[in-house]
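Notes for the one structure printed next.
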Amino acid sequence: ARVRVRIDGSLEPIADGQKVPGMYPAADALNAVAAAYNDTRKGTNNSNYEPDKFVDCMISFDVRGASGQLRYQNFKGRLGSKVVVRILRTQAESRVTLQNGGYAPSHLKIWRLAARAGKGVIIISGVTGSGKSTSLVGFVENMPGLDMRAIYTIEDPIEYEIDGAHQIEVLRDLTSEEETRRRYGAVMKALMRGDLDGASIGEIRDELTASFLLTIAETGHLAMGTLHAHLISNIVPRLTNRTVGLTRDALTNPNIINTLVYQALVPKLCLKCCEPPTVAVQNDPEVAEYLEILERRFKVPTYNLRFKHVGGCPACGGRGTKGKTIVAEMWQPDRKWLELVRANNDYGALMHYRSFSDGDFTSEDMTGKTVFEHTLYKALQGAVDVRNCEEFE
C-alpha cells in the first residue's frame, strides 16, 4: 500500500514507512482506514467499512496541539480501495485569510464592497482543493459589524467552526431525495423566521442547493456559496446547466448577484534556492522559450523572474517550493454585463469584464484582469514560477 501527501500542490510519498518511504503492508493500511471509518467517524451511521464501496465521513482530531477535522472519502478500484483524507484545520491561526492568502489590494477592495452591500449572491468558484471554503470562512469571520449581524451557515457536513455564525448541519439522505428536500425545506422555513442577515450554504452542487441560495438572495439577504467551476466566465453556464438548473433570467435580475470570484492556489517559490533566468536556462532549455514569449508577446521585463530549483534545498525540504498563494479574478456585475449574460452572450460579457483592465501586466491592480494575469504578475515579482501560468491560459 502506498501513502502519499499533497504538499504545495504535488503528491509525494509520506516520509515514514518501512524500507521504502510511504510504503506499507496492504493489511496494515486496510486496517488503518477501516478503523478510521468504523471507530472515529462522526455521525450515527452504523454501517461498517467496506473497501469495495464509495463511503465518506468526517473525523475529528486533536493531536499534539493541532486540531480540526478529516474529510474521509473511500474509492473502490480494480486493485483495491483508495482513501483520500482532506485535513481541515480548526485553529484560525492555521488558516489562510483573505488578507494574507494572496489576494491583490484591488481584490480586497471588492471583498470590502461585497460585505458592505450585505445583499445578493456571493459565489466563490474554483477546482477541488483551491481553498474556496477557507476563503468563504475568512470572509464571514472578518465581515465588518459581524457582531451586529445574524449570519447562518447550512452545511453538508460542517467542516470549519466559524466565529460569529450559527452553523446548521443538514445531512442528505442518500436513499431518499424526498427526505433530503424535506430537511432543506425545514431549514429554509426556519431561516425565514430567524431574522437573518445572511446565510452560507456551502457547496452549490444541484438544483436543491442552488434554489436555496437564490431564495435567500431574492428575499433581500446576503447569500454565499462555493461552486466547482473554472474561471468567472464559466460560473453562469455552470449554474444554468441541467444539473444545477437556475435560469439566466433569475440570475440577471437586478440586485441578485453581488460578487463572483474565481480562485486557485499555486506554489510559492523557495526564496533560498529559486533560480534566476540566467541559471534556469542552463538547467532547462525550455526556459528560453518562456523568456522569449514574455519579452516579445507580453513586452515585460524578465530580470525579476525566478524559476523552481529541481531538487530544492534543506530550507524547502527538497521541493523547490514553500507554501501556496491565492491567484484570483473577481467581478461585481454591472447592468451591461447582466444584459449580455441574459442574452446568452458569455463571450461579450467576458470582454466587457476585461475592458476595465489597465492593460499593464506589471501593475498590481487586478481590476478586469484574469487569474492568468494575476499569476503572471506574481511571476514577474519573483514569487511564483511563470510556468504556473499555463494552468489557466
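Chain labels run A, B, ... following the order of the C-alpha cells; each chain numbers its residues from 1, and ligands are numbered from 1 in the order shown.
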_List the spatial neighbours of Arg182 (chain A) as an MDAnalysis selection string - criterion: any atom at most 12 Å away, only C-alpha atoms, same-chain residues fewer than 4 positions off excluded._
chainID A and resid 170:173 176:178 186:189 208
*Determine, counting only C-alpha atoms, which protein, DNA and RNA residues have an atom within 8 Å of an atom of Ala328 (chain A); residues of the same chain fewer than 2 positions away are not included. Present the result as number ranges by chain.*
A: 103, 261-264, 326, 330, 370-371, 374
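Shell of Leu350 (chain A) at 10 Å, with only C-alpha atoms counted and residues fewer than 2 places along the chain excluded, is Ile232, Ser233, Asn234, Trp337, Leu340, Val341, Asn345, Asp346, Tyr347, Gly348, His352, Tyr353, Arg354, Ser355, Gly368 and Thr370 of chain A.
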Go ahead and write the residues just picked, C-alpha atoms, as a PDB file, in the first residue's frame.
```pdb
ATOM      1  CA  ILE A 232     -15.520  33.519 -13.688  1.00  0.00           C
ATOM      2  CA  SER A 233     -16.724  33.156 -17.276  1.00  0.00           C
ATOM      3  CA  ASN A 234     -17.908  29.601 -16.509  1.00  0.00           C
ATOM      4  CA  TRP A 337     -22.739  42.616 -18.071  1.00  0.00           C
ATOM      5  CA  LEU A 340     -25.069  40.363 -22.068  1.00  0.00           C
ATOM      6  CA  VAL A 341     -25.388  37.293 -19.840  1.00  0.00           C
ATOM      7  CA  ASN A 345     -23.576  36.300 -24.853  1.00  0.00           C
ATOM      8  CA  ASP A 346     -20.986  34.974 -22.398  1.00  0.00           C
ATOM      9  CA  TYR A 347     -18.051  35.948 -24.601  1.00  0.00           C
ATOM     10  CA  GLY A 348     -19.321  39.511 -24.814  1.00  0.00           C
ATOM     11  CA  HIS A 352     -16.860  43.673 -21.031  1.00  0.00           C
ATOM     12  CA  TYR A 353     -15.280  42.499 -17.770  1.00  0.00           C
ATOM     13  CA  ARG A 354     -11.810  42.705 -19.304  1.00  0.00           C
ATOM     14  CA  SER A 355     -12.439  46.204 -20.641  1.00  0.00           C
ATOM     15  CA  GLY A 368     -10.798  43.443 -15.005  1.00  0.00           C
ATOM     16  CA  THR A 370      -7.884  37.264 -15.328  1.00  0.00           C
TER      17      THR A 370
END
```
*Excluding same-chain residues fewer than 4 positions from region 74-79 of chain A, what lies within 12 Å of it counting only C-alpha atoms, as a list in words?*
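Contacts, in chain order: Ala1, Ala26, Leu30, Val33, Ala34, Ala36, Tyr37, Tyr49, Glu50, Pro51, Asp52, Lys53, Phe54, Val55, Asp56, Cys57, Met58, Val83, Val84, Val85 and Arg86 of chain A.
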*Just asking: which residues within region 195-391 of chain A are helix (DSSP H, G or I) according to DSSP, as an MDAnalysis selection string?*
chainID A and resid 207:218 232:239 248:251 277:283 287:296 314:316 335:342 346:354 371:380 386:391
_Would you pick out the contacts of Glu393 (chain A) at 8 Å or less, using only C-alpha atoms, so that residues sharing its chain but fewer than 3 positions from it are not included, and give the list as an MDAnalysis selection string?_
chainID A and resid 372 389:390
Just write the chosen residues, all heavy atoms, as a CSV table (one decimal), in the first residue's frame.
```csv
chain,number,residue,atom,x,y,z
A,372,PHE,N,-5.0,34.3,-15.0
A,372,PHE,CA,-3.7,34.2,-15.7
A,372,PHE,C,-2.9,35.4,-15.5
A,372,PHE,O,-1.6,35.3,-15.2
A,372,PHE,CB,-4.0,34.0,-17.2
A,372,PHE,CG,-2.8,34.1,-18.1
A,372,PHE,CD1,-2.0,33.0,-18.3
A,372,PHE,CD2,-2.4,35.3,-18.6
A,372,PHE,CE1,-0.8,33.1,-19.1
A,372,PHE,CE2,-1.3,35.5,-19.4
A,372,PHE,CZ,-0.5,34.3,-19.7
A,389,CYS,N,1.5,29.8,-15.1
A,389,CYS,CA,0.5,30.5,-15.8
A,389,CYS,C,-0.2,29.6,-16.8
A,389,CYS,O,-1.4,29.8,-17.1
A,389,CYS,CB,1.2,31.6,-16.6
A,389,CYS,SG,1.8,33.0,-15.6
A,390,GLU,N,0.5,28.6,-17.3
A,390,GLU,CA,-0.1,27.7,-18.3
A,390,GLU,C,-1.3,26.9,-17.8
A,390,GLU,O,-2.1,26.4,-18.6
A,390,GLU,CB,1.0,26.7,-18.9
A,390,GLU,CG,2.0,27.5,-19.7
A,390,GLU,CD,3.0,26.5,-20.4
A,390,GLU,OE1,3.4,25.5,-19.7
A,390,GLU,OE2,3.3,26.7,-21.5
```
*What is the distance, in Å and to one decimal place, between CA of Leu231 (chain A) and CA of Leu271 (chain A)?*
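CA of Leu231 (chain A) sits 29.1 Å away from CA of Leu271 (chain A).
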_Neighbour list for Ile14 (chain A) as a PyMOL selection string, cut-off 12 Å, only C-alpha atoms, skip fewer than 2 positions in-chain_ = chain A and resi 1-7+10-12+16-18+20-24
*Report as a PyMOL selection string: the residues of region 1-156 of chain A with a DSSP assignment of strand (DSSP E), based on the backbone of this structure.*
chain A and resi 4-7+10-13+56-63+66-75+82-89+120-126+151-155
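For the pair CA of Met351 (chain A) and CA of Thr252 (chain A), the separation is 17.4 Å.
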*For Met224 (chain A), which of A:Ile162, A:Leu146, A:Ile168, A:Val121 is the closest residue, counting only C-alpha atoms?*
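Looking at the shortest contact to Met224 (chain A), the residue is A:Val121.
Residue nearest Lys324 (chain A) within the list A:Pro285, A:Pro267, A:Gly164, A:Gly65: A:Pro267 [criterion: smallest interatomic distance, only C-alpha atoms].
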*asked:* Which residue is closest to Leu239 (chain A)? Choose from A:Lys42, A:Arg387, A:Arg205, A:Arg297 and count only C-alpha atoms.
replied: A:Arg205
_Just the number, please: distance in Å from CA of Thr375 (chain A) to CA of Thr362 (chain A), one decimal._
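Separation of CA of Thr375 (chain A) and CA of Thr362 (chain A): 11.1 Å.
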*Of the residues A:Thr209, A:Gln69, A:Thr321, A:Thr219, which is the one nearest to Arg306 (chain A), using only C-alpha atoms?*
A:Thr321
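Nearest-residue note for Trp111 (chain A): choosing from A:Leu136, A:Gln167, A:Gly318, A:Tyr152, the minimum distance belongs to A:Leu136, counting only C-alpha atoms.
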